[in-house]
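Peer 1: Next comes the structure file run_29.cif, holding mmCIF, C-alpha atoms.
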data_upload
#
loop_
_atom_site.group_PDB
_atom_site.id
_atom_site.type_symbol
_atom_site.label_atom_id
_atom_site.label_comp_id
_atom_site.auth_asym_id
_atom_site.auth_seq_id
_atom_site.Cartn_x
_atom_site.Cartn_y
_atom_site.Cartn_z
ATOM 1 C CA MET A 1 16.423 35.177 -18.537
ATOM 2 C CA GLU A 2 20.120 35.458 -19.364
ATOM 3 C CA ILE A 3 20.856 35.256 -23.099
ATOM 4 C CA THR A 4 24.397 34.576 -24.251
ATOM 5 C CA ALA A 5 25.141 35.958 -27.700
ATOM 6 C CA ASN A 6 27.612 34.333 -30.079
ATOM 7 C CA GLN A 7 27.999 37.488 -32.171
ATOM 8 C CA PHE A 8 27.360 41.204 -31.759
ATOM 9 C CA LEU A 9 26.192 43.855 -34.251
ATOM 10 C CA ASP A 10 26.117 47.581 -33.451
ATOM 11 C CA CYS A 11 23.740 49.529 -35.686
ATOM 12 C CA SER A 12 23.606 52.596 -33.434
ATOM 13 C CA GLY A 13 23.025 55.802 -35.365
ATOM 14 C CA LEU A 14 21.900 54.001 -38.528
ATOM 15 C CA SER A 15 18.503 54.638 -40.114
ATOM 16 C CA CYS A 16 16.306 52.352 -42.171
ATOM 17 C CA PRO A 17 17.152 50.359 -44.236
ATOM 18 C CA MET A 18 20.764 50.015 -43.004
ATOM 19 C CA PRO A 19 20.045 48.080 -39.766
ATOM 20 C CA ILE A 20 18.091 45.440 -41.714
ATOM 21 C CA LEU A 21 20.763 45.201 -44.424
ATOM 22 C CA LYS A 22 23.553 44.794 -41.857
ATOM 23 C CA LEU A 23 21.461 42.290 -39.889
ATOM 24 C CA ALA A 24 20.819 40.169 -42.984
ATOM 25 C CA LYS A 25 24.515 40.140 -43.887
ATOM 26 C CA GLN A 26 25.570 39.217 -40.337
ATOM 27 C CA MET A 27 23.015 36.403 -40.079
ATOM 28 C CA LYS A 28 24.312 34.830 -43.306
ATOM 29 C CA SER A 29 27.723 34.382 -41.663
ATOM 30 C CA MET A 30 26.258 32.638 -38.608
ATOM 31 C CA GLU A 31 25.524 28.969 -37.979
ATOM 32 C CA VAL A 32 22.051 27.646 -37.199
ATOM 33 C CA GLY A 33 21.361 27.915 -33.458
ATOM 34 C CA GLN A 34 23.742 30.810 -32.835
ATOM 35 C CA VAL A 35 22.444 33.993 -31.210
ATOM 36 C CA LEU A 36 23.097 37.541 -32.388
ATOM 37 C CA GLU A 37 22.864 40.562 -30.100
ATOM 38 C CA MET A 38 22.063 43.624 -32.199
ATOM 39 C CA ILE A 39 21.897 47.179 -30.900
ATOM 40 C CA GLY A 40 19.937 49.831 -32.778
ATOM 41 C CA THR A 41 18.794 53.362 -32.072
ATOM 42 C CA ASP A 42 16.339 53.858 -34.955
ATOM 43 C CA PRO A 43 12.830 53.828 -33.412
ATOM 44 C CA GLY A 44 11.560 52.025 -36.517
ATOM 45 C CA SER A 45 13.771 49.058 -35.656
ATOM 46 C CA LYS A 46 11.426 48.130 -32.830
ATOM 47 C CA LYS A 47 8.871 47.147 -35.476
ATOM 48 C CA ASP A 48 11.172 46.308 -38.408
ATOM 49 C CA ILE A 49 13.409 43.733 -36.707
ATOM 50 C CA PRO A 50 10.578 41.493 -35.387
ATOM 51 C CA GLY A 51 8.945 41.615 -38.828
ATOM 52 C CA TRP A 52 12.205 40.678 -40.535
ATOM 53 C CA CYS A 53 12.750 37.776 -38.127
ATOM 54 C CA GLU A 54 9.268 36.409 -38.790
ATOM 55 C CA LYS A 55 9.630 36.783 -42.558
ATOM 56 C CA LYS A 56 13.055 35.090 -42.629
ATOM 57 C CA GLY A 57 12.201 32.361 -40.115
ATOM 58 C CA ASN A 58 14.580 33.427 -37.349
ATOM 59 C CA GLU A 59 13.621 33.525 -33.679
ATOM 60 C CA LEU A 60 13.452 36.846 -31.854
ATOM 61 C CA LEU A 61 14.323 35.836 -28.293
ATOM 62 C CA ASP A 62 14.027 39.224 -26.607
ATOM 63 C CA VAL A 63 13.972 42.986 -27.119
ATOM 64 C CA VAL A 64 15.354 45.219 -24.381
ATOM 65 C CA GLU A 65 14.900 48.994 -24.502
ATOM 66 C CA ASP A 66 17.561 50.970 -22.671
ATOM 67 C CA ASP A 67 17.804 54.778 -22.788
ATOM 68 C CA GLY A 68 16.789 55.168 -26.447
ATOM 69 C CA ALA A 69 18.626 52.088 -27.669
ATOM 70 C CA TYR A 70 17.163 48.694 -28.459
ATOM 71 C CA LYS A 71 18.915 45.373 -27.932
ATOM 72 C CA PHE A 72 17.585 42.549 -30.070
ATOM 73 C CA TYR A 73 18.504 38.935 -29.396
ATOM 74 C CA ILE A 74 17.979 36.811 -32.499
ATOM 75 C CA ARG A 75 18.561 33.063 -32.922
ATOM 76 C CA LYS A 76 19.338 31.825 -36.413
ATOM 77 C CA LYS A 77 16.851 29.080 -37.303
ATOM 78 C CA LYS A 78 17.620 28.430 -40.988
#
Please, can you express the file's structure as C-alpha cells?
Peer 2:
Amino acid sequence: MEITANQFLDCSGLSCPMPILKLAKQMKSMEVGQVLEMIGTDPGSKKDIPGWCEKKGNELLDVVEDDGAYKFYIRKKK
C-alpha cells in the first residue's frame, strides 16, 4: 500500500518525551484527513506512537521499520 504524506516530521535522535511533544504540535497544524509521515529512532516510539494515536483519536495507518528507524504514517481524524 502506497501512502502519500501531506507533511513530514523528523524526530531522529530524539528520546521520550520529545517525539510525542513534536508530534502533538505538528498534528495541531494539520487539517482533518491529512497524513503525517514521522520518522523516529527511539525504540520506545514503536509503542508510544500507537498509544498516542489511540488516545487522541488519530489513525495510525502503518509503521515501517528500516535499519533502526521507524516511519509512522498517521492520519488526523479530529
Peer 1: I'd like the interatomic distance between atom CA of Leu60 of chain A and atom CA of Tyr73 of chain A, to a tenth of an Å.
Peer 2: 6.0 Å
Peer 1: Give me, as a list in words, all polymer residues having an atom no more than 8 Å from segment 22-32 of chain A, counting only C-alpha atoms and skipping those fewer than 2 positions away in the same chain.
Peer 2: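 The residues that qualify are Leu9, Cys11, Met18, Pro19, Ile20, Gln34, Leu36, Met38, Arg75, Lys76, Lys77 and Lys78 of chain A.
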Peer 1: For a test of reading the model, state the distance in Å between atom CA of Ser15 of chain A and atom CA of Ser45 of chain A, rounded to one decimal.
Peer 2: 8.6 Å
Peer 1: Which residues fall under the PyMOL selection byres ((chain A and resi 70) around 9) in this file, as a ChimeraX atom specification?
Peer 2: /A:38-43,45-46,63-69,71-72
Peer 1: Between A:Ile74, A:Leu14, A:Val35, A:Gly44, which has the minimum distance to Lys56 of chain A (counting only C-alpha atoms)?
Peer 2: A:Ile74
Peer 1: Just how far from atom CA of Phe8 of chain A is atom CA of Asp48 of chain A, in Å to one decimal?
Peer 2: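 Between these atoms lies a distance of 18.2 Å.
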Peer 1: Counting only C-alpha atoms, which residue out of A:Leu61, A:Ala5, A:Asp10, A:Cys16 sits closest to Lys47 of chain A?
Peer 2: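 The closest residue to Lys47 of chain A is A:Cys16.
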Peer 1: Restore N, CA and C atoms in segment 51-72 of chain A and list the result as a PDB file, keeping the file's coordinate frame.
Peer 2:
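Wrote rebuild-v3.pdb, looks like this:
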ATOM      1  N   GLY A  51       9.545  41.971 -37.541  1.00  0.00           N
ATOM      2  CA  GLY A  51       8.945  41.615 -38.828  1.00  0.00           C
ATOM      3  C   GLY A  51       9.924  40.878 -39.726  1.00  0.00           C
ATOM      4  N   TRP A  52      11.177  41.334 -39.735  1.00  0.00           N
ATOM      5  CA  TRP A  52      12.205  40.678 -40.535  1.00  0.00           C
ATOM      6  C   TRP A  52      12.445  39.257 -40.032  1.00  0.00           C
ATOM      7  N   CYS A  53      12.524  39.104 -38.716  1.00  0.00           N
ATOM      8  CA  CYS A  53      12.750  37.776 -38.127  1.00  0.00           C
ATOM      9  C   CYS A  53      11.636  36.810 -38.521  1.00  0.00           C
ATOM     10  N   GLU A  54      10.404  37.265 -38.441  1.00  0.00           N
ATOM     11  CA  GLU A  54       9.268  36.409 -38.790  1.00  0.00           C
ATOM     12  C   GLU A  54       9.313  36.053 -40.278  1.00  0.00           C
ATOM     13  N   LYS A  55       9.589  37.019 -41.107  1.00  0.00           N
ATOM     14  CA  LYS A  55       9.630  36.783 -42.558  1.00  0.00           C
ATOM     15  C   LYS A  55      10.737  35.807 -42.942  1.00  0.00           C
ATOM     16  N   LYS A  56      11.898  35.915 -42.279  1.00  0.00           N
ATOM     17  CA  LYS A  56      13.055  35.090 -42.629  1.00  0.00           C
ATOM     18  C   LYS A  56      13.127  33.784 -41.840  1.00  0.00           C
ATOM     19  N   GLY A  57      12.239  33.613 -40.858  1.00  0.00           N
ATOM     20  CA  GLY A  57      12.201  32.361 -40.115  1.00  0.00           C
ATOM     21  C   GLY A  57      13.192  32.273 -38.973  1.00  0.00           C
ATOM     22  N   ASN A  58      13.689  33.415 -38.505  1.00  0.00           N
ATOM     23  CA  ASN A  58      14.580  33.427 -37.349  1.00  0.00           C
ATOM     24  C   ASN A  58      13.782  33.731 -36.092  1.00  0.00           C
ATOM     25  N   GLU A  59      14.338  33.391 -34.950  1.00  0.00           N
ATOM     26  CA  GLU A  59      13.621  33.525 -33.679  1.00  0.00           C
ATOM     27  C   GLU A  59      14.089  34.759 -32.917  1.00  0.00           C
ATOM     28  N   LEU A  60      13.161  35.678 -32.680  1.00  0.00           N
ATOM     29  CA  LEU A  60      13.452  36.846 -31.854  1.00  0.00           C
ATOM     30  C   LEU A  60      13.260  36.420 -30.400  1.00  0.00           C
ATOM     31  N   LEU A  61      14.369  36.319 -29.673  1.00  0.00           N
ATOM     32  CA  LEU A  61      14.323  35.836 -28.293  1.00  0.00           C
ATOM     33  C   LEU A  61      13.884  36.908 -27.313  1.00  0.00           C
ATOM     34  N   ASP A  62      14.343  38.149 -27.541  1.00  0.00           N
ATOM     35  CA  ASP A  62      14.027  39.224 -26.607  1.00  0.00           C
ATOM     36  C   ASP A  62      14.358  40.567 -27.239  1.00  0.00           C
ATOM     37  N   VAL A  63      13.675  41.605 -26.766  1.00  0.00           N
ATOM     38  CA  VAL A  63      13.972  42.986 -27.119  1.00  0.00           C
ATOM     39  C   VAL A  63      14.043  43.757 -25.812  1.00  0.00           C
ATOM     40  N   VAL A  64      15.160  44.442 -25.600  1.00  0.00           N
ATOM     41  CA  VAL A  64      15.354  45.219 -24.381  1.00  0.00           C
ATOM     42  C   VAL A  64      15.574  46.676 -24.779  1.00  0.00           C
ATOM     43  N   GLU A  65      14.747  47.566 -24.231  1.00  0.00           N
ATOM     44  CA  GLU A  65      14.900  48.994 -24.502  1.00  0.00           C
ATOM     45  C   GLU A  65      15.672  49.623 -23.350  1.00  0.00           C
ATOM     46  N   ASP A  66      16.719  50.368 -23.695  1.00  0.00           N
ATOM     47  CA  ASP A  66      17.561  50.970 -22.671  1.00  0.00           C
ATOM     48  C   ASP A  66      18.010  52.354 -23.118  1.00  0.00           C
ATOM     49  N   ASP A  67      17.393  53.395 -22.565  1.00  0.00           N
ATOM     50  CA  ASP A  67      17.804  54.778 -22.788  1.00  0.00           C
ATOM     51  C   ASP A  67      17.885  55.136 -24.277  1.00  0.00           C
ATOM     52  N   GLY A  68      16.847  54.815 -25.032  1.00  0.00           N
ATOM     53  CA  GLY A  68      16.789  55.168 -26.447  1.00  0.00           C
ATOM     54  C   GLY A  68      17.450  54.185 -27.384  1.00  0.00           C
ATOM     55  N   ALA A  69      18.017  53.134 -26.840  1.00  0.00           N
ATOM     56  CA  ALA A  69      18.626  52.088 -27.669  1.00  0.00           C
ATOM     57  C   ALA A  69      17.834  50.801 -27.475  1.00  0.00           C
ATOM     58  N   TYR A  70      17.855  49.977 -28.497  1.00  0.00           N
ATOM     59  CA  TYR A  70      17.163  48.694 -28.459  1.00  0.00           C
ATOM     60  C   TYR A  70      18.175  47.582 -28.639  1.00  0.00           C
ATOM     61  N   LYS A  71      18.090  46.574 -27.792  1.00  0.00           N
ATOM     62  CA  LYS A  71      18.915  45.373 -27.932  1.00  0.00           C
ATOM     63  C   LYS A  71      17.995  44.248 -28.387  1.00  0.00           C
ATOM     64  N   PHE A  72      18.341  43.669 -29.519  1.00  0.00           N
ATOM     65  CA  PHE A  72      17.585  42.549 -30.070  1.00  0.00           C
ATOM     66  C   PHE A  72      18.434  41.290 -29.950  1.00  0.00           C
TER      67      PHE A  72
END
